[in-house]
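Here is the structure we will look at.
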Amino acid sequence: QVLLVESGGGLVPAGGSLRLSCAASVRIFTNYAMGWFRQAPGKEREFVAGISRSGRSTYYADSVKGRFTIYRDSNKKTVYLQMDTIKPEDTAVYYCAATLRYNDDVYVAPGQYNYWGQGTQVTVSS
(Lines give C-alpha, C1' and ligand atoms only; values in the text may rest on other atoms or scores of the structure.)
Protein backbone atom coordinates (compact mmCIF):
# COMPACT_ATOMS: atom_id res chain seq x y z
CA GLN A 1 0.00 0.00 0.00
CA VAL A 2 1.26 3.45 -0.91
CA LEU A 3 0.65 6.33 1.46
CA LEU A 4 1.21 9.91 0.29
CA VAL A 5 1.21 12.76 2.79
CA GLU A 6 1.24 16.36 1.60
CA SER A 7 2.35 19.33 3.64
CA GLY A 8 3.31 22.94 3.19
CA GLY A 9 0.01 24.50 2.22
CA GLY A 10 -1.32 27.67 3.77
CA LEU A 11 -2.24 31.28 3.22
CA VAL A 12 0.14 33.24 1.02
CA PRO A 13 -0.08 36.74 -0.51
CA ALA A 14 -0.19 37.13 -4.25
CA GLY A 15 3.31 37.30 -5.64
CA GLY A 16 4.68 35.19 -2.81
CA SER A 17 6.17 31.71 -2.71
CA LEU A 18 5.30 28.41 -1.15
CA ARG A 19 6.80 24.94 -1.23
CA LEU A 20 4.61 21.88 -1.03
CA SER A 21 6.02 18.52 0.00
CA CYS A 22 4.71 15.02 -0.51
CA ALA A 23 6.29 12.21 1.46
CA ALA A 24 5.74 8.73 0.06
CA SER A 25 5.75 5.58 2.11
CA VAL A 26 6.94 3.19 -0.58
CA ARG A 27 9.69 0.64 -0.72
CA ILE A 28 11.32 1.88 -3.92
CA PHE A 29 10.47 5.51 -4.57
CA THR A 30 12.15 5.53 -7.96
CA ASN A 31 9.61 3.03 -9.26
CA TYR A 32 6.97 5.75 -9.23
CA ALA A 33 6.29 8.67 -11.49
CA MET A 34 4.82 11.50 -9.45
CA GLY A 35 2.47 14.37 -10.09
CA TRP A 36 0.76 17.34 -8.53
CA PHE A 37 -2.86 18.18 -9.24
CA ARG A 38 -5.19 20.81 -7.84
CA GLN A 39 -8.89 21.33 -7.43
CA ALA A 40 -10.56 24.67 -6.88
CA PRO A 41 -14.12 24.93 -5.52
CA GLY A 42 -16.66 24.05 -8.18
CA LYS A 43 -14.00 22.94 -10.65
CA GLU A 44 -12.60 19.63 -11.77
CA ARG A 45 -9.26 18.35 -10.61
CA GLU A 46 -6.55 19.57 -12.97
CA PHE A 47 -2.98 18.63 -13.69
CA VAL A 48 -0.31 21.00 -12.39
CA ALA A 49 3.05 19.29 -12.81
CA GLY A 50 4.54 15.84 -13.30
CA ILE A 51 7.95 14.26 -12.92
CA SER A 52 9.30 10.99 -14.21
CA ARG A 53 10.72 8.20 -12.08
CA SER A 54 14.29 9.36 -12.52
CA GLY A 55 13.46 13.04 -12.21
CA ARG A 56 15.04 13.74 -15.58
CA SER A 57 11.74 14.66 -17.23
CA THR A 58 9.16 17.13 -16.02
CA TYR A 59 6.04 18.63 -17.51
CA TYR A 60 3.88 21.57 -16.47
CA ALA A 61 0.44 22.92 -17.13
CA ASP A 62 0.59 26.10 -19.18
CA SER A 63 -0.97 28.03 -16.32
CA VAL A 64 2.00 27.38 -14.02
CA LYS A 65 4.88 27.06 -16.47
CA GLY A 66 7.74 29.32 -15.48
CA ARG A 67 6.34 29.85 -11.98
CA PHE A 68 6.20 26.36 -10.45
CA THR A 69 8.95 23.75 -10.24
CA ILE A 70 8.53 20.08 -9.47
CA TYR A 71 11.45 18.03 -8.20
CA ARG A 72 12.08 14.92 -6.19
CA ASP A 73 14.51 13.68 -3.56
CA SER A 74 14.89 9.92 -3.69
CA ASN A 75 16.77 9.75 -0.41
CA LYS A 76 13.86 11.39 1.37
CA LYS A 77 11.22 9.70 -0.81
CA THR A 78 9.65 13.10 -1.26
CA VAL A 79 8.40 15.12 -4.20
CA TYR A 80 8.19 18.89 -3.98
CA LEU A 81 6.30 21.64 -5.73
CA GLN A 82 8.01 25.00 -5.49
CA MET A 83 5.44 27.68 -6.19
CA ASP A 84 6.70 31.16 -7.03
CA THR A 85 4.95 34.32 -8.17
CA ILE A 86 1.74 32.87 -6.84
CA LYS A 87 -1.53 34.23 -8.22
CA PRO A 88 -5.03 34.30 -6.68
CA GLU A 89 -6.15 31.79 -9.31
CA ASP A 90 -3.70 29.28 -7.82
CA THR A 91 -6.02 28.94 -4.83
CA ALA A 92 -7.02 25.29 -4.58
CA VAL A 93 -6.52 22.05 -2.74
CA TYR A 94 -3.30 20.53 -4.04
CA TYR A 95 -2.96 16.77 -4.34
CA CYS A 96 0.09 14.62 -4.75
CA ALA A 97 -0.24 11.47 -6.86
CA ALA A 98 1.91 8.45 -7.67
CA THR A 99 1.86 5.81 -10.38
CA LEU A 100 3.95 2.65 -10.56
CA ARG A 101 5.67 2.54 -13.94
CA TYR A 102 8.49 0.78 -15.74
CA ASN A 103 9.37 3.60 -18.11
CA ASP A 104 10.63 7.11 -17.48
CA ASP A 105 7.68 9.05 -18.81
CA VAL A 106 5.67 11.88 -17.27
CA TYR A 107 1.94 11.39 -16.80
CA VAL A 108 -0.63 14.16 -16.92
CA ALA A 109 -4.07 12.56 -16.63
CA PRO A 110 -5.63 11.86 -13.22
CA GLY A 111 -6.69 8.42 -14.42
CA GLN A 112 -3.07 7.45 -14.98
CA TYR A 113 -2.32 7.69 -11.28
CA ASN A 114 -3.04 4.92 -8.81
CA TYR A 115 -2.37 6.60 -5.48
CA TRP A 116 -3.41 9.96 -4.08
CA GLY A 117 -2.72 12.01 -1.01
CA GLN A 118 -5.35 13.72 1.10
CA GLY A 119 -4.53 17.16 -0.24
CA THR A 120 -3.26 20.41 1.21
CA GLN A 121 -5.04 23.75 0.94
CA VAL A 122 -3.33 26.69 -0.72
CA THR A 123 -5.08 30.04 -0.41
CA VAL A 124 -3.73 33.11 -2.16
CA SER A 125 -4.78 36.52 -0.91
CA SER A 126 -4.95 39.35 -3.41
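So you can find residues: chains in the C-alpha coordinates are A, B, ... in the order shown, residues in each start at 1, and ligands are numbered from 1 in order.
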
* Neighbours of segment 94-102 of chain A within 10 Å (only C-alpha atoms; same-chain residues fewer than 5 positions away dropped), as a PyMOL selection string? -> chain A and resi 2-7+9+20-24+28-40+45-53+79-81+107+110-122

* Asked: Neighbours of Thr85 of chain A within 8 Å (only C-alpha atoms; same-chain residues fewer than 4 positions away dropped), as an MDAnalysis selection string?
  -> chainID A and resid 14:17 67

* Asked: Among chain A, which ones does DSSP place in helix (DSSP H, G or I), written as a ChimeraX atom specification?
  -> /A:29-31,88-90,110-112

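Between atom CA of Pro13 of chain A and atom CA of Gly42 of chain A the interatomic distance comes to 22.2 Å.
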
* Mind the document's chain letters and residue numbers, and return as JSON, numbers by chain the residues of chain A that DSSP labels strand (DSSP E or B). => {"A": [3, 4, 5, 6, 7, 10, 11, 12, 13, 18, 19, 20, 21, 22, 23, 24, 25, 32, 33, 34, 35, 36, 37, 38, 39, 46, 47, 48, 49, 50, 51, 58, 59, 60, 68, 69, 70, 71, 72, 73, 78, 79, 80, 81, 82, 83, 92, 93, 94, 95, 96, 97, 98, 99, 100, 115, 116, 120, 121, 122, 123, 124, 125]}

* **Å distance separating atom CA of Glu44 of chain A from atom CA of Val93 of chain A, one decimal place** => 11.1 Å

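Straight-line separation from atom CA of Lys76 of chain A to atom CA of Thr123 of chain A: 26.6 Å.
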
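Nearest residue to Asp105 of chain A, choosing from A:Thr58, A:Thr91, A:Ser25, A:Ser74 and counting only C-alpha atoms: A:Thr58.
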